[in-house]
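Everything below concerns the one structure shown next.
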Amino acid sequence: MTNFMYIFCLLVWGLNFIAVKIQGTPVSLELSLTYRLSMTAILFFILLCILRPKGKPMKKDVPFIIVFGICNFALSYLCLYYATILSSAAMVTLIFSLKVILTPIALRLFLKEQLHSRILIGGVIGVLAVCIVIYPSLNDIHGFNDIKGIMIAVLGTILTAMGDACSARNAKKKVNPIYANVIGFAAGGILLGAIVFIKGQAVSIPTSISYLSALFYLTIFASFGAWLFYLKLVEKIGGAKSGYMVALFPAIGGVASVMIGESDPSIYLAAGCLFSCLGAAIALGIGKHIGKINLKEENSINK
């Protein structure tokens, strides 16, 4: 079951921005995201009523949970939605993998946690990966949209890292993640709903198969199912091992982007995805973890 949950989260989140691209813009991105977050909040609320877990947040925890929801679900998702439309899903997935570098930096800044040197090394390689992918489009007239999309994707990833810092703080205070997700998704949905209202955007539900199937995927699988399985994985194998899947997101997103015809197969895309995976792997300390496993195996054999 653990392997199934791991592969599920890996594939579903790796294809997340492909689904956003397929969903398109028959309505505003803010409205699409409002639908997604609101439905996910309802699903987690139903789960909360069924399980009634311990770890109910105190009043002093609520502001941090709201910031977590607004940063992680509302503003970051909105930035990444816009970036996916302006650029490519492969590019946004690649940039989002920099989360494994930006989150430890945010933890260092806000929670004073130790920042390992491997984070900086992985960060340099990750930035190099982005440069490799965008290089061919620098002389393209349409490349300016790509650059704009990249900048928005970076902003969205930074906001995600800030949300992760709030999530880490909530975990230290023993706040159950299901409570945090209910409040977080609800806060994000309310904020985006307010944006839709203030901007006077038309409210409607597109009936096209592509839109509804993408919305179903993003809500049921990418938001509710993957987050639920991820929480179980953290409980079973720990947060560090669970985070290793982020290292493979660029490869999955890149291959899928080529398969749907959004990106052309090229040496630049392949090299960028490869370097991105390598940078994320170094930042996460996968090599160090594998070395420990080999050492344990050698010690067991010698005994």
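To be explicit about the labels: the chains of the structure tokens are called A, B, and onward in the order shown, and within each one the residues are counted from 1, while ligands get numbers from 1 in the order they are shown.
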Which residues of stretch 84-184 of chain A have any atom within 10 Å of an atom in stretch 22-35 of chain A when counting only C-alpha atoms, and what is the closest pair of atoms for each, with the distance in Å to one decimal? Order the rows by chain and rising number and write it as CSV.
residue,atom,partner,partner_atom,distance
A:Thr84,CA,A:Gly24,CA,9.5
A:Ile85,CA,A:Gly24,CA,7.4
A:Ala89,CA,A:Ile22,CA,9.8
Residues from the last selection, C-alpha atoms, saved as a CSV table (one decimal), in the first residue's frame:
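Output contents, as saved in out-v2.csv:
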chain,number,residue,atom,x,y,z
A,84,THR,CA,1.2,27.4,-17.1
A,85,ILE,CA,-1.0,29.3,-19.5
A,89,ALA,CA,3.6,22.8,-18.2
If we count only C-alpha atoms and set the cut-off at 9 Å, which residues sit around A:Tyr6, ignoring sequence neighbours fewer than 3 positions away in its own chain? Please answer as an MDAnalysis selection string. chainID A and resid 1:3 9:11 229:230 233 242 245
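As for atom CA of A:Ala270 and atom CA of A:Gly149, they are spaced 19.8 Å apart.
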Near stretch 278-280 of chain A, counting only C-alpha atoms, which residues have an atom at most 12 Å away, once you skip same-chain residues fewer than 3 positions from it, shown as a count of residues only? 42
Find the spatial neighbours of stretch 170-177 of chain A, counting only C-alpha atoms, within a cut-off of 10 Å - ignore same-chain residues fewer than 6 positions away - and output them as a list in words. Pro53, Lys54, Gly55, Lys56, Pro57, Met58, Asp61, Val62, Phe64, Ile65, Phe68, Asp164, Ile183, Gly184, Trp227, Leu228 and Leu231 of chain A
Those same residues, written as a PDB file, in the first residue's frame with N, CA, C and O atoms?
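This went into part-v1.pdb:
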ATOM      1  N   PRO A  53     -10.277  13.325  14.053  1.00  0.00           N
ATOM      2  CA  PRO A  53      -8.936  13.082  14.609  1.00  0.00           C
ATOM      3  C   PRO A  53      -8.596  14.010  15.765  1.00  0.00           C
ATOM      4  O   PRO A  53      -9.231  15.059  15.948  1.00  0.00           O
ATOM      5  N   LYS A  54      -7.582  13.619  16.511  1.00  0.00           N
ATOM      6  CA  LYS A  54      -7.064  14.490  17.572  1.00  0.00           C
ATOM      7  C   LYS A  54      -6.203  15.571  16.908  1.00  0.00           C
ATOM      8  O   LYS A  54      -5.966  15.550  15.718  1.00  0.00           O
ATOM      9  N   GLY A  55      -5.702  16.510  17.724  1.00  0.00           N
ATOM     10  CA  GLY A  55      -4.851  17.561  17.187  1.00  0.00           C
ATOM     11  C   GLY A  55      -5.616  18.750  16.672  1.00  0.00           C
ATOM     12  O   GLY A  55      -5.220  19.389  15.697  1.00  0.00           O
ATOM     13  N   LYS A  56      -6.741  19.048  17.340  1.00  0.00           N
ATOM     14  CA  LYS A  56      -7.539  20.208  16.941  1.00  0.00           C
ATOM     15  C   LYS A  56      -6.763  21.489  17.216  1.00  0.00           C
ATOM     16  O   LYS A  56      -6.173  21.644  18.290  1.00  0.00           O
ATOM     17  N   PRO A  57      -6.706  22.410  16.250  1.00  0.00           N
ATOM     18  CA  PRO A  57      -5.903  23.634  16.443  1.00  0.00           C
ATOM     19  C   PRO A  57      -6.478  24.553  17.503  1.00  0.00           C
ATOM     20  O   PRO A  57      -7.697  24.633  17.692  1.00  0.00           O
ATOM     21  N   MET A  58      -5.575  25.259  18.191  1.00  0.00           N
ATOM     22  CA  MET A  58      -5.973  26.280  19.158  1.00  0.00           C
ATOM     23  C   MET A  58      -6.221  27.587  18.403  1.00  0.00           C
ATOM     24  O   MET A  58      -5.894  27.713  17.229  1.00  0.00           O
ATOM     25  N   ASP A  61      -3.321  29.099  16.701  1.00  0.00           N
ATOM     26  CA  ASP A  61      -2.824  28.388  15.517  1.00  0.00           C
ATOM     27  C   ASP A  61      -3.544  28.804  14.243  1.00  0.00           C
ATOM     28  O   ASP A  61      -2.997  28.653  13.142  1.00  0.00           O
ATOM     29  N   VAL A  62      -4.767  29.303  14.383  1.00  0.00           N
ATOM     30  CA  VAL A  62      -5.609  29.587  13.212  1.00  0.00           C
ATOM     31  C   VAL A  62      -4.971  30.580  12.232  1.00  0.00           C
ATOM     32  O   VAL A  62      -4.999  30.346  11.015  1.00  0.00           O
ATOM     33  N   PHE A  64      -1.876  31.106  11.498  1.00  0.00           N
ATOM     34  CA  PHE A  64      -0.814  30.426  10.761  1.00  0.00           C
ATOM     35  C   PHE A  64      -1.398  29.432   9.745  1.00  0.00           C
ATOM     36  O   PHE A  64      -0.845  29.243   8.665  1.00  0.00           O
ATOM     37  N   ILE A  65      -2.513  28.805  10.117  1.00  0.00           N
ATOM     38  CA  ILE A  65      -3.170  27.871   9.188  1.00  0.00           C
ATOM     39  C   ILE A  65      -3.762  28.634   8.008  1.00  0.00           C
ATOM     40  O   ILE A  65      -3.688  28.174   6.857  1.00  0.00           O
ATOM     41  N   PHE A  68      -0.984  29.575   5.773  1.00  0.00           N
ATOM     42  CA  PHE A  68      -0.601  28.349   5.070  1.00  0.00           C
ATOM     43  C   PHE A  68      -1.527  28.108   3.877  1.00  0.00           C
ATOM     44  O   PHE A  68      -1.074  27.841   2.760  1.00  0.00           O
ATOM     45  N   ASP A 164       4.856  26.307   3.211  1.00  0.00           N
ATOM     46  CA  ASP A 164       5.468  25.124   3.822  1.00  0.00           C
ATOM     47  C   ASP A 164       6.058  25.449   5.193  1.00  0.00           C
ATOM     48  O   ASP A 164       6.025  24.614   6.108  1.00  0.00           O
ATOM     49  N   ILE A 183      -9.270  24.095   6.931  1.00  0.00           N
ATOM     50  CA  ILE A 183      -9.224  25.556   7.102  1.00  0.00           C
ATOM     51  C   ILE A 183      -8.448  26.204   5.953  1.00  0.00           C
ATOM     52  O   ILE A 183      -8.855  27.237   5.417  1.00  0.00           O
ATOM     53  N   GLY A 184      -7.327  25.579   5.575  1.00  0.00           N
ATOM     54  CA  GLY A 184      -6.475  26.147   4.532  1.00  0.00           C
ATOM     55  C   GLY A 184      -7.160  26.221   3.183  1.00  0.00           C
ATOM     56  O   GLY A 184      -7.153  27.269   2.515  1.00  0.00           O
ATOM     57  N   TRP A 227      -3.030  14.667  -1.493  1.00  0.00           N
ATOM     58  CA  TRP A 227      -2.704  15.223  -0.179  1.00  0.00           C
ATOM     59  C   TRP A 227      -3.006  14.217   0.936  1.00  0.00           C
ATOM     60  O   TRP A 227      -2.246  14.095   1.899  1.00  0.00           O
ATOM     61  N   LEU A 228      -4.090  13.492   0.792  1.00  0.00           N
ATOM     62  CA  LEU A 228      -4.453  12.494   1.798  1.00  0.00           C
ATOM     63  C   LEU A 228      -3.409  11.382   1.858  1.00  0.00           C
ATOM     64  O   LEU A 228      -2.954  10.995   2.937  1.00  0.00           O
ATOM     65  N   LEU A 231      -0.059  12.641   3.337  1.00  0.00           N
ATOM     66  CA  LEU A 231      -0.068  12.710   4.808  1.00  0.00           C
ATOM     67  C   LEU A 231       0.167  11.324   5.412  1.00  0.00           C
ATOM     68  O   LEU A 231       0.857  11.180   6.424  1.00  0.00           O
TER      69      LEU A 231
END
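The shortest atom-to-atom distance to A:Tyr268, with only C-alpha atoms taken into account, belongs to A:Ala90 out of A:Leu155, A:Ile282, A:Ala90, A:Leu107.
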Quote the spacing between atom CA of A:Pro104 and atom CA of A:Ser117 in Å to one decimal place. 10.9 Å
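Proximity ranking of A:Tyr77, A:Ala168, A:Ser88, A:Arg36 relative to A:Ile260 places A:Ser88 first, based on only C-alpha atoms.
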Test item: residues at most 10 Å from A:Ile66, only C-alpha atoms, excluding those fewer than 3 positions along its chain, as a list in words: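 The filter keeps Asp61, Val62, Pro63, Gly69, Ile70, Cys71, Asn72, Gly163, Cys166, Ala180, Asn181, Ile183, Gly184, Phe185, Ala186, Ala187 and Gly188 of chain A.
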So that I can check the surroundings of A:Phe110, please list as a count of residues only every protein, DNA and RNA residue that reaches within 9 Å of it, counting only C-alpha atoms and ignoring chain neighbours fewer than 2 positions away. 9
Which is closest to A:Leu43 among A:Ala281, A:Gly253, A:Tyr179, A:Tyr211, if we use only C-alpha atoms?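 Ranked by minimum distance to A:Leu43, first place goes to A:Tyr179.
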Please run DSSP on the backbone and report, as a ChimeraX atom specification, all residues within stretch 96-262 of chain A that come out as alpha helix (DSSP H). /A:96,99-111,117-134,143-172,177-198,209-216,226-237,239-243,249-259
Option closest in space to A:Ile178, from A:Phe17, A:Phe45, A:Phe73, A:Phe8 [counting only C-alpha atoms]: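 That would be A:Phe45, the residue with the smallest distance to A:Ile178.
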Atom CA of A:Ala161 to atom CA of A:Leu80: how many Å, to one decimal?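 Rounded to one decimal, the two atoms are 13.3 Å apart.
Of the residues listed (A:Ile150, A:Arg169, A:Thr160, A:Phe216), A:Arg169 shows the shortest atom-to-atom separation from A:Lys60; distances use only C-alpha atoms.
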